[in-house]
$ cat start-v5.cif   # mmCIF, C-alpha atoms
data_target
loop_
_atom_site.label_atom_id
_atom_site.label_comp_id
_atom_site.auth_asym_id
_atom_site.auth_seq_id
_atom_site.Cartn_x
_atom_site.Cartn_y
_atom_site.Cartn_z
CA MET A 107 -8.35 24.35 15.97
CA ARG A 108 -7.30 21.96 18.73
CA ARG A 109 -6.95 18.20 19.00
CA LEU A 110 -8.96 16.63 21.81
CA PHE A 111 -8.04 12.98 21.12
CA PRO A 112 -5.48 11.52 21.02
CA ASP A 113 -2.78 13.71 22.59
CA PRO A 114 -4.62 17.01 23.20
CA ALA A 115 -2.81 19.95 21.60
CA PRO A 116 -3.46 23.08 19.51
CA LEU A 117 -3.12 22.63 15.74
CA ASP A 118 -1.81 25.16 13.25
CA ASP A 119 -2.41 24.80 9.49
CA ASP A 120 0.52 22.42 9.02
CA GLY A 121 -0.67 20.34 11.96
CA LEU A 122 -4.14 20.09 10.44
CA VAL A 123 -2.69 18.69 7.22
CA GLU A 124 -0.67 16.12 9.16
CA ALA A 125 -3.72 15.18 11.22
CA TYR A 126 -5.54 14.00 8.08
CA ARG A 127 -2.78 12.30 6.10
CA CYS A 128 -3.63 8.79 4.93
CA PRO A 129 -1.32 5.79 4.65
CA PRO A 130 0.19 5.33 1.16
CA GLY A 131 -1.67 3.27 -1.42
CA ARG A 132 -5.37 2.86 -2.05
CA TRP A 133 -7.63 4.58 0.46
CA LEU A 134 -11.28 5.63 0.41
CA ARG A 135 -12.33 8.25 2.93
CA MET A 136 -15.91 9.46 3.26
CA ASP A 137 -16.21 13.14 4.16
CA PHE A 138 -19.55 14.27 5.66
CA ILE A 139 -21.00 16.91 7.91
CA ALA A 140 -24.05 16.22 10.08
CA SER A 141 -26.11 17.91 12.77
CA LEU A 142 -26.43 16.38 16.23
CA ASP A 143 -29.66 14.70 15.08
CA GLY A 144 -28.09 13.29 11.90
CA ALA A 145 -29.24 15.80 9.26
CA ILE A 146 -26.70 16.47 6.52
CA THR A 147 -28.45 19.45 4.90
CA VAL A 148 -30.41 22.57 5.77
CA ASP A 149 -32.84 23.53 3.00
CA GLY A 150 -31.20 20.99 0.72
CA ARG A 151 -27.58 22.09 1.15
CA SER A 152 -24.81 21.28 3.62
CA GLU A 153 -23.68 24.92 3.86
CA GLY A 154 -26.11 25.69 6.67
CA LEU A 155 -24.28 23.25 8.96
CA GLY A 156 -20.75 24.43 8.23
CA SER A 157 -18.24 26.70 9.91
CA PRO A 158 -14.86 28.25 9.04
CA GLY A 159 -13.16 25.25 10.64
CA ASP A 160 -15.24 22.82 8.61
CA ARG A 161 -14.29 24.64 5.41
CA ARG A 162 -10.60 24.36 6.35
CA VAL A 163 -10.92 20.62 6.96
CA PHE A 164 -12.81 20.29 3.66
CA ARG A 165 -9.94 21.99 1.82
CA VAL A 166 -7.34 19.83 3.57
CA LEU A 167 -9.11 16.60 2.61
CA ARG A 168 -9.28 17.74 -1.00
CA ALA A 169 -5.65 18.82 -0.96
CA LEU A 170 -4.56 15.37 0.22
CA ALA A 171 -6.72 13.47 -2.30
CA ASP A 172 -5.94 12.24 -5.81
CA VAL A 173 -9.61 12.56 -6.81
CA VAL A 174 -12.92 13.70 -5.34
CA LEU A 175 -15.77 11.21 -5.74
CA VAL A 176 -19.34 12.50 -5.50
CA GLY A 177 -22.83 11.43 -6.47
CA HIS A 178 -24.50 13.41 -9.25
CA GLY A 179 -27.35 14.53 -6.98
CA THR A 180 -24.96 16.01 -4.44
CA ALA A 181 -22.83 17.64 -7.14
CA ALA A 182 -25.91 19.30 -8.64
CA ALA A 183 -27.44 20.39 -5.32
CA GLU A 184 -24.17 21.82 -4.00
CA GLY A 185 -23.16 23.52 -7.27
CA TYR A 186 -19.89 21.66 -7.76
CA HIS A 187 -17.06 23.25 -9.73
CA PRO A 188 -13.72 21.81 -10.84
CA VAL A 189 -10.58 22.32 -8.76
CA LEU A 190 -8.66 25.09 -10.51
CA VAL A 191 -5.17 26.58 -10.39
CA GLY A 192 -5.20 29.51 -7.97
CA SER A 193 -8.20 28.28 -5.99
CA ALA A 194 -7.91 27.87 -2.22
CA VAL A 195 -7.59 24.10 -2.64
CA GLY A 196 -5.15 24.52 -5.52
CA ARG A 197 -2.90 26.80 -3.48
CA LEU A 198 -2.99 24.43 -0.52
CA ARG A 199 -2.12 21.49 -2.76
CA GLU A 200 0.91 23.37 -4.10
CA SER A 201 2.02 24.29 -0.57
CA ILE A 202 2.22 20.59 0.36
CA GLY A 203 4.05 19.64 -2.83
CA ARG A 204 1.14 18.44 -4.96
CA GLY A 205 -0.13 19.53 -8.36
CA PRO A 206 -2.63 22.39 -8.07
CA THR A 207 -5.50 20.58 -9.79
CA MET A 208 -7.20 17.21 -9.53
CA PRO A 209 -10.24 15.60 -11.14
CA VAL A 210 -13.75 15.33 -9.78
CA ALA A 211 -15.40 11.95 -10.42
CA VAL A 212 -19.20 12.08 -10.61
CA VAL A 213 -21.22 8.91 -10.05
CA SER A 214 -24.40 8.73 -12.10
CA ARG A 215 -26.23 5.55 -13.07
CA ARG A 216 -28.00 7.45 -15.88
CA ALA A 217 -24.94 9.42 -17.07
CA SER A 218 -26.83 12.59 -16.11
CA LEU A 219 -23.82 14.91 -16.09
CA ASP A 220 -24.38 17.96 -18.33
CA PRO A 221 -21.59 18.31 -20.95
CA ALA A 222 -22.10 22.10 -20.93
CA SER A 223 -21.80 22.47 -17.15
CA GLY A 224 -18.88 24.30 -15.56
CA LEU A 225 -17.83 21.07 -13.90
CA VAL A 226 -17.05 19.77 -17.40
CA ALA A 227 -16.29 22.86 -19.48
CA ASP A 228 -14.03 24.60 -16.95
CA ALA A 229 -12.10 21.56 -15.76
CA VAL A 230 -8.30 21.56 -16.09
CA SER A 231 -7.98 17.96 -14.91
CA PRO A 232 -10.73 16.27 -16.99
CA THR A 233 -13.87 15.46 -15.04
CA ILE A 234 -14.62 11.75 -14.72
CA LEU A 235 -18.08 10.19 -15.07
CA VAL A 236 -18.64 6.86 -13.33
CA THR A 237 -21.68 5.15 -14.81
CA CYS A 238 -22.96 1.74 -15.90
CA ALA A 239 -23.72 -0.05 -19.16
CA ALA A 240 -27.47 0.59 -18.76
CA SER A 241 -26.95 4.35 -19.12
CA ASP A 242 -27.77 6.11 -22.40
CA PRO A 243 -24.97 5.53 -24.95
CA GLY A 244 -25.73 8.89 -26.56
CA ARG A 245 -25.15 10.71 -23.29
CA ARG A 246 -21.90 8.86 -22.75
CA ALA A 247 -20.74 9.73 -26.27
CA ALA A 248 -21.61 13.42 -25.80
CA LEU A 249 -19.68 13.53 -22.55
CA THR A 250 -16.68 11.83 -24.10
CA GLU A 251 -16.79 14.37 -26.93
CA ALA A 252 -16.82 17.14 -24.30
CA GLY A 253 -13.61 15.80 -22.76
CA VAL A 254 -15.07 13.75 -19.89
CA ASP A 255 -13.31 10.50 -18.98
CA VAL A 256 -16.26 8.07 -18.97
CA LEU A 257 -15.88 4.93 -16.87
CA VAL A 258 -18.48 2.21 -17.45
CA CYS A 259 -18.47 0.11 -14.28
CA GLY A 260 -21.25 -2.43 -13.89
CA GLU A 261 -24.24 -3.49 -15.97
CA ASP A 262 -27.55 -2.26 -14.51
CA ASP A 263 -26.05 -0.15 -11.73
CA VAL A 264 -22.68 1.33 -10.86
CA ASP A 265 -20.26 -1.25 -9.50
CA LEU A 266 -18.42 0.83 -6.90
CA PRO A 267 -15.53 -1.59 -6.25
CA ALA A 268 -14.92 -1.78 -10.02
CA ALA A 269 -15.03 2.03 -10.18
CA LEU A 270 -12.38 2.31 -7.47
CA ASP A 271 -10.25 -0.22 -9.39
CA ALA A 272 -10.61 1.89 -12.54
CA LEU A 273 -9.62 5.06 -10.69
CA ALA A 274 -6.60 3.33 -9.16
CA GLU A 275 -5.52 2.19 -12.64
CA ARG A 276 -5.38 5.90 -13.54
CA GLY A 277 -3.14 6.58 -10.55
CA LEU A 278 -6.03 7.96 -8.49
CA GLU A 279 -5.64 5.86 -5.37
CA GLN A 280 -6.39 8.33 -2.58
CA VAL A 281 -10.13 8.99 -2.93
CA THR A 282 -12.16 11.48 -0.91
CA CYS A 283 -15.89 10.85 -1.29
CA GLU A 284 -18.15 13.79 -0.44
CA GLY A 285 -21.57 12.18 -0.68
CA GLY A 286 -24.38 11.71 -0.82
CA PRO A 287 -26.12 9.29 1.53
CA GLN A 288 -26.80 6.66 -1.13
CA LEU A 289 -23.14 6.55 -2.10
CA LEU A 290 -22.12 6.26 1.57
CA ARG A 291 -24.57 3.39 2.12
CA THR A 292 -23.40 1.60 -1.04
CA ALA A 293 -19.73 1.99 -0.14
CA LEU A 294 -20.32 0.69 3.39
CA ALA A 295 -22.42 -2.22 2.14
CA GLU A 296 -19.70 -3.12 -0.38
CA GLY A 297 -17.02 -3.00 2.32
CA VAL A 298 -14.77 -0.53 0.47
CA VAL A 299 -14.67 2.33 3.02
CA ASP A 300 -11.40 2.81 4.90
CA GLU A 301 -12.40 5.81 7.00
CA LEU A 302 -15.23 8.20 7.80
CA ASP A 303 -14.39 11.85 8.47
CA LEU A 304 -17.49 13.29 10.09
CA SER A 305 -17.85 16.93 11.11
CA VAL A 306 -20.50 17.22 13.83
CA SER A 307 -22.31 20.55 13.88
CA PRO A 308 -23.75 21.71 17.25
CA THR A 309 -27.14 22.06 15.54
CA LEU A 310 -30.54 20.35 15.65
CA VAL A 311 -32.38 20.34 12.32
CA GLY A 312 -35.04 17.61 12.12
CA GLY A 313 -36.87 16.54 9.01
CA GLU A 314 -33.89 16.77 6.65
CA THR A 315 -31.84 14.21 4.73
CA ARG A 316 -30.08 11.76 7.04
CA LEU A 317 -26.50 10.57 6.95
CA LEU A 318 -27.65 7.20 5.58
CA ASP A 319 -30.64 6.84 3.25
CA GLY A 320 -31.49 3.26 4.19
CA ALA A 321 -30.55 0.22 6.24
CA LEU A 322 -27.21 -1.52 5.87
CA PRO A 323 -27.04 -5.33 5.45
CA SER A 324 -25.34 -5.35 8.86
CA PRO A 325 -24.07 -2.60 11.18
CA ALA A 326 -20.74 -1.08 10.16
CA ARG A 327 -18.24 -1.11 13.03
CA LEU A 328 -16.13 2.03 13.35
CA THR A 329 -13.15 2.85 15.55
CA LEU A 330 -12.56 6.42 16.72
CA ARG A 331 -9.08 7.61 15.73
CA GLN A 332 -9.18 11.37 16.20
CA VAL A 333 -11.31 14.24 17.49
CA LEU A 334 -10.61 17.90 16.73
CA GLU A 335 -12.66 20.89 17.95
CA GLU A 336 -13.20 24.51 17.03
CA ASP A 337 -16.05 26.80 18.15
CA GLY A 338 -18.15 23.87 19.33
CA MET A 339 -17.81 21.94 16.06
CA LEU A 340 -16.31 18.46 16.37
CA PHE A 341 -14.22 16.94 13.61
CA THR A 342 -14.07 13.17 14.02
CA ARG A 343 -12.02 10.61 12.16
CA TYR A 344 -13.04 6.95 12.28
CA SER A 345 -11.51 3.86 10.72
CA VAL A 346 -14.05 1.43 9.30
CA GLY A 347 -13.99 -2.30 9.75
#
$ encode --input "start-v5.cif" --output "structure tokens"
Amino acid sequence: MRRLFPDPAPLDDDGLVEAYRCPPGRWLRMDFIASLDGAITVDGRSEGLGSPGDRRVFRVLRALADVVLVGHGTAAAEGYHPVLVGSAVGRLRESIGRGPTMPVAVVSRRASLDPASGLVADAVSPTILVTCAASDPGRRAALTEAGVDVLVCGEDDVDLPAALDALAERGLEQVTCEGGPQLLRTALAEGVVDELDLSVSPTLVGGETRLLDGALPSPARLTLRQVLEEDGMLFTRYSVG
């Protein structure tokens, strides 16, 4: 891995961690991978765009976070599991002085998270569901019974700023959001994104899910802060706003 901008230099594992540290306090970073033509999946999953370097960056962003935020559709499509002691992320977290586990927060307007799923049943740090008052009370009760921390944020749809407030009240200030496109669009439209970490795969896909699933109220202005490179893959870091 090498840094192209600013200050070109090779990066070892410690350098990669330092390259992605956030300022203290509340921070929402959006972590995505996309092809050169803007596709974020191949056959419905992001794995087809990845590389060993992308997986290292992914682990670093999780290691630095207090919580992972993800939409239910992405969590289901990508087969999400909890962060466990002894996992690659858990070991990296311990190496930088953090606890080995952290929660995953799943956003679902309908409270669609399965109480019997591994994401719930195997979690050491209880999984969090972010939903709204319009979701089924029975589903919410079943998830609470299964040990899920259920956050009701908003009436007819999830109120993302309120959800971030609720996470911060639990001490979960540094948030890494891993998708999907609807959540990215909502976060940008609500003005709550601090940075976008976009891995750019040297691939053309066509016809797949795009980085954004619809128009924004107005264009989001980003400032390039960092570019890393490995094997033709670019790892960009932008501040938003």
$ closest_atom_pairs --input "start-v5.cif" --of "segment 117-215 of chain A" --to "segment 321-335 of chain A" --cutoff "10 Å" --atoms "all atoms listed in the file" --output "JSON lines"
{"residue": "A:Leu117", "atom": "CA", "partner": "A:Leu334", "partner_atom": "CA", "distance": 8.9}
{"residue": "A:Leu122", "atom": "CA", "partner": "A:Leu334", "partner_atom": "CA", "distance": 9.3}
{"residue": "A:Ala125", "atom": "CA", "partner": "A:Gln332", "partner_atom": "CA", "distance": 8.3}
{"residue": "A:Tyr126", "atom": "CA", "partner": "A:Gln332", "partner_atom": "CA", "distance": 9.3}
{"residue": "A:Gly159", "atom": "CA", "partner": "A:Glu335", "partner_atom": "CA", "distance": 8.5}
{"residue": "A:Asp160", "atom": "CA", "partner": "A:Glu335", "partner_atom": "CA", "distance": 9.9}
$ closest_atom_pairs --input "start-v5.cif" --of "segment 171-196 of chain A" --to "segment 139-153 of chain A" --cutoff "10 Å" --atoms "all atoms listed in the file" --output "JSON lines"
{"residue": "A:Thr180", "atom": "CA", "partner": "A:Arg151", "partner_atom": "CA", "distance": 8.7}
{"residue": "A:Ala183", "atom": "CA", "partner": "A:Arg151", "partner_atom": "CA", "distance": 6.7}
{"residue": "A:Glu184", "atom": "CA", "partner": "A:Arg151", "partner_atom": "CA", "distance": 6.2}
{"residue": "A:Gly185", "atom": "CA", "partner": "A:Arg151", "partner_atom": "CA", "distance": 9.6}
$ resolve_selection --input "start-v5.cif" --expression "the PyMOL selection byres ((chain A and resi 162-166) around 9)" --output "MDAnalysis selection string"
chainID A and resid 119 122:123 126 137 157:161 167:171 194:195 198:199 305 341
$ atom_distance --input "start-v5.cif" --atom1 "atom CA of Glu251 of chain A" --atom2 "atom CA of Arg216 of chain A"
17.2 Å
$ residues_near_point --input "start-v5.cif" --point "(-29.0, 6.1, -1.6)" --cutoff "7 Å" --atoms "only C-alpha atoms" --output "PDB file with C-alpha atoms, in the coordinates of the input"
ATOM      1  CA  PRO A 287     -26.120   9.290   1.530  1.00  0.00           C
ATOM      2  CA  GLN A 288     -26.800   6.660  -1.130  1.00  0.00           C
ATOM      3  CA  LEU A 289     -23.140   6.550  -2.100  1.00  0.00           C
ATOM      4  CA  ARG A 291     -24.570   3.390   2.120  1.00  0.00           C
ATOM      5  CA  ASP A 319     -30.640   6.840   3.250  1.00  0.00           C
ATOM      6  CA  GLY A 320     -31.490   3.260   4.190  1.00  0.00           C
TER       7      GLY A 320
END
$ closest_residue --input "start-v5.cif" --among "A:Leu249, A:Val256, A:Ser231, A:Met136" --to "Ser345 of chain A" --atoms "all atoms listed in the file"
A:Met136
$ atom_distance --input "start-v5.cif" --atom1 "atom CA of Val174 of chain A" --atom2 "atom CA of Leu225 of chain A"
12.3 Å
$ closest_residue --input "start-v5.cif" --among "A:Arg197, A:Pro308, A:Arg108, A:Val258" --to "Gly121 of chain A" --atoms "only C-alpha atoms"
A:Arg108
$ closest_residue --input "start-v5.cif" --among "A:Thr292, A:Gly286, A:His178, A:Leu266" --to "Leu235 of chain A" --atoms "only C-alpha atoms"
A:His178
$ atom_distance --input "start-v5.cif" --atom1 "atom CA of Thr250 of chain A" --atom2 "atom CA of Val299 of chain A"
28.8 Å
$ resolve_selection --input "start-v5.cif" --expression "the PyMOL selection byres ((chain A and resi 233) around 7)" --output "PyMOL selection string"
chain A and resi 209-211+225-226+229+231-232+234-235+254-255
$ closest_residue --input "start-v5.cif" --among "A:Val264, A:Gly224, A:Leu155, A:Glu301" --to "Val281 of chain A" --atoms "all atoms listed in the file"
A:Glu301
$ closest_residue --input "start-v5.cif" --among "A:Gly285, A:Val298, A:Met107, A:Glu314" --to "Tyr186 of chain A" --atoms "all atoms listed in the file"
A:Gly285
